[in-house]
Amino acid sequence: MLQYLKDFTPAVAETLTVRPMSRRAFLGGTAAFALGVFATRGEAFPTWETGAVGMPNGVVDDPLVFVAIDADGTVTLTAHRSEMGTGSRTSLPMVMADEMEADWSRVKIVQAPGDEPKYGNQDTDGSRSMRHHIQAARKIGGSVRTMLQRAAAAEWNVDPSQVTVEMHAITGPDGQSADFGEFAEAAMAQPVPAHEEIAYKTESEFRYIGKGEVQITDLHDITTGKAVYGADVTLPGAKVAMAIRPPVVGGRLVSYDAADALAMPGVVGVYELPEWKAPAKFAPLGGLAVVAKNTFTAIKAREMIKVEWDDGPNGSYSTGPYMEEMKATALGRGKVLRDKGDTQAALSAAAKTFGQTYTQDHIAHIPTEPPAALASYASGKLEIWAPVQSPYTTRTDTAAALGIEPADVTVNVTLLGGGFGRKSKADYVIEAALLSREVGAPVRMQWTREDDVRHSFYHTASAERIEVGMDEVGKVTAWRHNSVAPTILSTFAPDPGYQFPVEAGMGHVDMPFDIANVSCENGQAAAHTRIGWFRAVSNVPRAWAIGSFVGELAAETGQDQLAT
């Protein structure tokens, strides 16, 4: 945000002050034990890039992609990020409208299909829709305002600087006035101005940004029950599917008896789903699917199918014993990711040592709306309606699963009843697509809440072991943190058992204290479930561990951690 303000409104940027976070004198050196505030990221990240994780397909700021103006003056703005309760379907178009000087009451918002080459990155995750795209949204709006000015100036034979655009009206120096619609065609035929040619608004000129006057576009429909989510979409002749998935990740179907289910009125058929094999990215887990004429029949028929499974390599996995293994691993030495000073020597020489282990179990995302997707396959073309956070990845993954080209797949994004990372994975969409092709009709794959909890991409479990050494006056002289957790890399590649740099940079190697001897380590842990990040990802267990440890260290030394 600060860089954005520097680029567009220098006066506003000068009013911002970046204040370092502090735990008061407790962390500043006056307590019986002392931890200095760490301020040098270069030391924490000595071997990998320190910047933000890049976005595939980047950012697009072409107004001809995102803006259309009708002859009646209606402005249609395209939202390319998914709406799951954070308002991104409203906020980015609102920024465009503000810089464009459009009357919000005359703005219509449409949802972009999955098409990153056209719209830029569409992964709605990482709290980055506004953070990464506000600059582009302002350029889009500012470009259209400039194009309207130039089109009117050409018609009125005046300099563009003499033309003003305000609240959906274009005004010339001699009092000429026109609505956006009158110059819509001419304006959108103008060359798109370069960034340097646009006179961006100052903060005092903002009409909508930061004013709190624009309601979330879908708020009325959401609160009155009219909003369309994944399970609300239907097509003529559409069927409903329910799946029976292996109880263990990597399990496979041995045999089944579906005679009773197939005898039920309304059941279309029972179909085998492709077997899951690691690494599988976002592929379905396999098993069986029953397809019926309605949801109730599909649920009842599923209950009547008798299945025998081979649980495979993860058959003995149990979270309790596994956590004990991770805790034991955390007590030992792990792969050293950050090494400052001589931590082991400092711990051995310390007047006092103190350590604790903090654990976090797997987390299921459990969005209010369980996964659901409607797919319609016909004549080699596939159309999808689904609540997905990553519509373009959904498009490419589904195309690959069906062996067709992404150009033959259309992904329509519905509202998301929550996501938190779960709906970045398109396994439920792929299930619907495979079944639609098999059945020869539109199929909605519907997960129940029980399906969602039992077969999620779980956020990784972790064991965080922190140990410190202190000198005679209580100053912390050594810090060792061994973080043990399965890596999300196991979702995409053969499991290395160790986390990768992005995970390590989430509150681990970048811990916030300036201590003479630091060892940040990563113990090995294999993944036995599908791993999928939950909101705030690995910062969650690390913040819990480090924050709790500081509090317990204060109690251990008889200090009040909040004392001034």
# chains A, B, ... in the order shown; residues from 1 in each chain; ligands from 1
call {"tool": "closest_atom_pairs", "arguments": {"of": "range 508-541 of chain A", "to": "range 415-422 of chain A", "cutoff": "10 Å", "atoms": "only C-alpha atoms", "output": "Markdown table"}}
result
| residue | atom | partner | partner_atom | distance |
| --- | --- | --- | --- | --- |
| A:Gly532 | CA | A:Arg422 | CA | 7.0 |
| A:Trp533 | CA | A:Gly421 | CA | 6.0 |
| A:Phe534 | CA | A:Gly421 | CA | 5.5 |
| A:Arg535 | CA | A:Phe420 | CA | 5.2 |
| A:Ala536 | CA | A:Phe420 | CA | 9.0 |
| A:Val537 | CA | A:Gly421 | CA | 9.2 |
call {"tool": "write_last_selection", "arguments": {"atoms": "N, CA, C and O atoms", "output": "CSV table (one decimal), in the first residue's frame"}}
result
chain,number,residue,atom,x,y,z
A,532,GLY,N,-3.2,-28.7,2.6
A,532,GLY,CA,-3.7,-27.5,1.9
A,532,GLY,C,-3.7,-26.4,2.9
A,532,GLY,O,-4.3,-26.5,4.0
A,533,TRP,N,-3.1,-25.3,2.6
A,533,TRP,CA,-3.0,-24.2,3.5
A,533,TRP,C,-4.3,-23.6,4.0
A,533,TRP,O,-5.3,-23.5,3.2
A,534,PHE,N,-4.4,-23.3,5.2
A,534,PHE,CA,-5.5,-22.6,5.8
A,534,PHE,C,-5.1,-21.1,6.0
A,534,PHE,O,-3.9,-20.8,6.0
A,535,ARG,N,-6.1,-20.2,6.0
A,535,ARG,CA,-5.8,-18.8,6.1
A,535,ARG,C,-4.7,-18.5,7.1
A,535,ARG,O,-4.7,-18.9,8.2
A,536,ALA,N,-3.7,-17.6,6.7
A,536,ALA,CA,-2.6,-17.2,7.5
A,536,ALA,C,-1.5,-18.3,7.5
A,536,ALA,O,-0.4,-18.1,8.1
A,537,VAL,N,-1.8,-19.5,7.0
A,537,VAL,CA,-0.9,-20.6,6.8
A,537,VAL,C,0.0,-20.8,8.0
A,537,VAL,O,-0.4,-20.9,9.1
call {"tool": "residues_around", "arguments": {"residues": "Gly320 in chain A", "least_positions_apart": "3", "cutoff": "12 Å", "atoms": "only C-alpha atoms", "output": "count of residues only"}}
result
12
call {"tool": "select_by_dssp", "arguments": {"residues": "range 89-122 of chain A", "states": "alpha helix (DSSP H)", "output": "ChimeraX atom specification"}}
result
/A:89-100,116-119
call {"tool": "write_last_selection", "arguments": {"atoms": "all heavy atoms", "output": "compact mmCIF listing (two decimals), in the first residue's frame"}}
result
# COMPACT_ATOMS: atom_id res chain seq x y z
N ARG A 89 -15.27 -8.56 -4.95
CA ARG A 89 -16.08 -8.38 -6.16
C ARG A 89 -16.61 -6.95 -6.26
O ARG A 89 -17.03 -6.51 -7.33
CB ARG A 89 -17.25 -9.37 -6.15
CG ARG A 89 -17.71 -9.79 -7.53
CD ARG A 89 -18.67 -10.95 -7.42
NE ARG A 89 -20.04 -10.53 -7.47
CZ ARG A 89 -20.75 -10.41 -8.59
NH1 ARG A 89 -20.19 -10.68 -9.74
NH2 ARG A 89 -22.00 -10.05 -8.57
N THR A 90 -16.58 -6.24 -5.13
CA THR A 90 -17.01 -4.85 -5.09
C THR A 90 -15.83 -3.89 -5.06
O THR A 90 -15.83 -2.87 -5.77
CB THR A 90 -17.89 -4.60 -3.85
OG1 THR A 90 -19.00 -5.49 -3.85
CG2 THR A 90 -18.38 -3.16 -3.81
N SER A 91 -14.82 -4.20 -4.26
CA SER A 91 -13.77 -3.22 -3.97
C SER A 91 -12.95 -2.84 -5.19
O SER A 91 -12.69 -1.65 -5.43
CB SER A 91 -12.87 -3.74 -2.85
OG SER A 91 -12.31 -5.00 -3.20
N LEU A 92 -12.51 -3.80 -5.99
CA LEU A 92 -11.70 -3.46 -7.15
C LEU A 92 -12.49 -2.71 -8.21
O LEU A 92 -12.01 -1.69 -8.73
CB LEU A 92 -11.04 -4.72 -7.71
CG LEU A 92 -9.89 -5.27 -6.85
CD1 LEU A 92 -9.45 -6.64 -7.33
CD2 LEU A 92 -8.71 -4.30 -6.84
N PRO A 93 -13.71 -3.14 -8.57
CA PRO A 93 -14.52 -2.30 -9.46
C PRO A 93 -14.79 -0.90 -8.89
O PRO A 93 -14.85 0.07 -9.63
CB PRO A 93 -15.81 -3.11 -9.62
CG PRO A 93 -15.39 -4.53 -9.42
CD PRO A 93 -14.34 -4.46 -8.35
N MET A 94 -14.96 -0.82 -7.57
CA MET A 94 -15.19 0.49 -6.95
C MET A 94 -14.00 1.42 -7.17
O MET A 94 -14.17 2.62 -7.43
CB MET A 94 -15.44 0.32 -5.46
CG MET A 94 -15.72 1.60 -4.71
SD MET A 94 -15.64 1.37 -2.91
CE MET A 94 -13.86 1.23 -2.68
N VAL A 95 -12.80 0.88 -7.07
CA VAL A 95 -11.60 1.69 -7.31
C VAL A 95 -11.58 2.16 -8.76
O VAL A 95 -11.27 3.34 -9.05
CB VAL A 95 -10.33 0.88 -6.98
CG1 VAL A 95 -9.08 1.64 -7.42
CG2 VAL A 95 -10.26 0.59 -5.49
N MET A 96 -11.91 1.28 -9.69
CA MET A 96 -11.99 1.68 -11.11
C MET A 96 -13.01 2.81 -11.29
O MET A 96 -12.75 3.81 -11.96
CB MET A 96 -12.41 0.49 -11.98
CG MET A 96 -11.47 -0.68 -12.01
SD MET A 96 -12.16 -1.98 -13.10
CE MET A 96 -11.44 -3.45 -12.39
N ALA A 97 -14.19 2.62 -10.69
CA ALA A 97 -15.26 3.61 -10.84
C ALA A 97 -14.88 4.95 -10.25
O ALA A 97 -15.20 6.01 -10.82
CB ALA A 97 -16.54 3.09 -10.18
N ASP A 98 -14.18 4.94 -9.13
CA ASP A 98 -13.76 6.19 -8.49
C ASP A 98 -12.80 6.95 -9.40
O ASP A 98 -13.00 8.14 -9.68
CB ASP A 98 -13.10 5.89 -7.15
CG ASP A 98 -13.06 7.10 -6.23
OD1 ASP A 98 -13.02 8.24 -6.73
OD2 ASP A 98 -13.06 6.91 -5.00
N GLU A 99 -11.78 6.30 -9.87
CA GLU A 99 -10.80 6.97 -10.72
C GLU A 99 -11.41 7.36 -12.06
O GLU A 99 -10.98 8.33 -12.69
CB GLU A 99 -9.60 6.05 -10.92
CG GLU A 99 -8.34 6.75 -11.38
CD GLU A 99 -7.75 7.69 -10.34
OE1 GLU A 99 -7.28 7.21 -9.29
OE2 GLU A 99 -7.77 8.91 -10.59
N MET A 100 -12.43 6.65 -12.49
CA MET A 100 -13.10 6.94 -13.75
C MET A 100 -14.10 8.09 -13.63
O MET A 100 -14.50 8.69 -14.61
CB MET A 100 -13.84 5.68 -14.21
CG MET A 100 -14.40 5.70 -15.61
SD MET A 100 -15.50 4.30 -15.94
CE MET A 100 -14.50 2.94 -15.37
N GLU A 116 -6.79 -16.43 -17.08
CA GLU A 116 -5.69 -15.59 -16.61
C GLU A 116 -4.90 -14.92 -17.73
O GLU A 116 -4.42 -13.80 -17.54
CB GLU A 116 -4.78 -16.39 -15.69
CG GLU A 116 -5.42 -16.68 -14.34
CD GLU A 116 -4.45 -17.24 -13.31
OE1 GLU A 116 -3.27 -17.42 -13.65
OE2 GLU A 116 -4.89 -17.48 -12.17
N PRO A 117 -4.72 -15.55 -18.89
CA PRO A 117 -4.04 -14.81 -19.95
C PRO A 117 -4.75 -13.50 -20.29
O PRO A 117 -4.10 -12.54 -20.70
CB PRO A 117 -4.06 -15.79 -21.13
CG PRO A 117 -4.06 -17.14 -20.48
CD PRO A 117 -4.92 -16.96 -19.26
N LYS A 118 -6.05 -13.46 -20.10
CA LYS A 118 -6.82 -12.25 -20.40
C LYS A 118 -6.89 -11.30 -19.21
O LYS A 118 -6.65 -10.09 -19.34
CB LYS A 118 -8.24 -12.62 -20.83
CG LYS A 118 -9.11 -11.42 -21.17
CD LYS A 118 -10.48 -11.86 -21.69
CE LYS A 118 -11.34 -10.64 -22.06
NZ LYS A 118 -12.66 -11.06 -22.60
N TYR A 119 -7.19 -11.82 -18.02
CA TYR A 119 -7.47 -10.98 -16.86
C TYR A 119 -6.31 -10.85 -15.87
O TYR A 119 -6.39 -10.06 -14.93
CB TYR A 119 -8.69 -11.53 -16.11
CG TYR A 119 -9.95 -11.54 -16.93
CD1 TYR A 119 -10.46 -12.74 -17.44
CD2 TYR A 119 -10.64 -10.37 -17.22
CE1 TYR A 119 -11.61 -12.77 -18.21
CE2 TYR A 119 -11.79 -10.38 -18.00
CZ TYR A 119 -12.27 -11.59 -18.49
OH TYR A 119 -13.40 -11.61 -19.26
call {"tool": "atom_distance", "arguments": {"atom1": "CA of Met242 in chain A", "atom2": "CA of Glu438 in chain A"}}
result
14.5 Å
call {"tool": "closest_atom_pairs", "arguments": {"of": "range 485-538 of chain A", "to": "range 339-358 of chain A", "cutoff": "6 Å", "atoms": "only C-alpha atoms", "output": "Markdown table"}}
result
| residue | atom | partner | partner_atom | distance |
| --- | --- | --- | --- | --- |
| A:Asn517 | CA | A:Gly341 | CA | 4.5 |
| A:Val518 | CA | A:Lys340 | CA | 4.9 |
| A:Ser519 | CA | A:Asp339 | CA | 4.8 |
call {"tool": "closest_residue", "arguments": {"among": "A:Met470, A:Met167, A:Val59, A:Val453", "to": "Asp103 in chain A", "atoms": "only C-alpha atoms"}}
result
A:Met167
call {"tool": "select_by_dssp", "arguments": {"residues": "range 82-121 of chain A", "states": "strand (DSSP E)", "output": "number ranges by chain"}}
result
A: 107-111
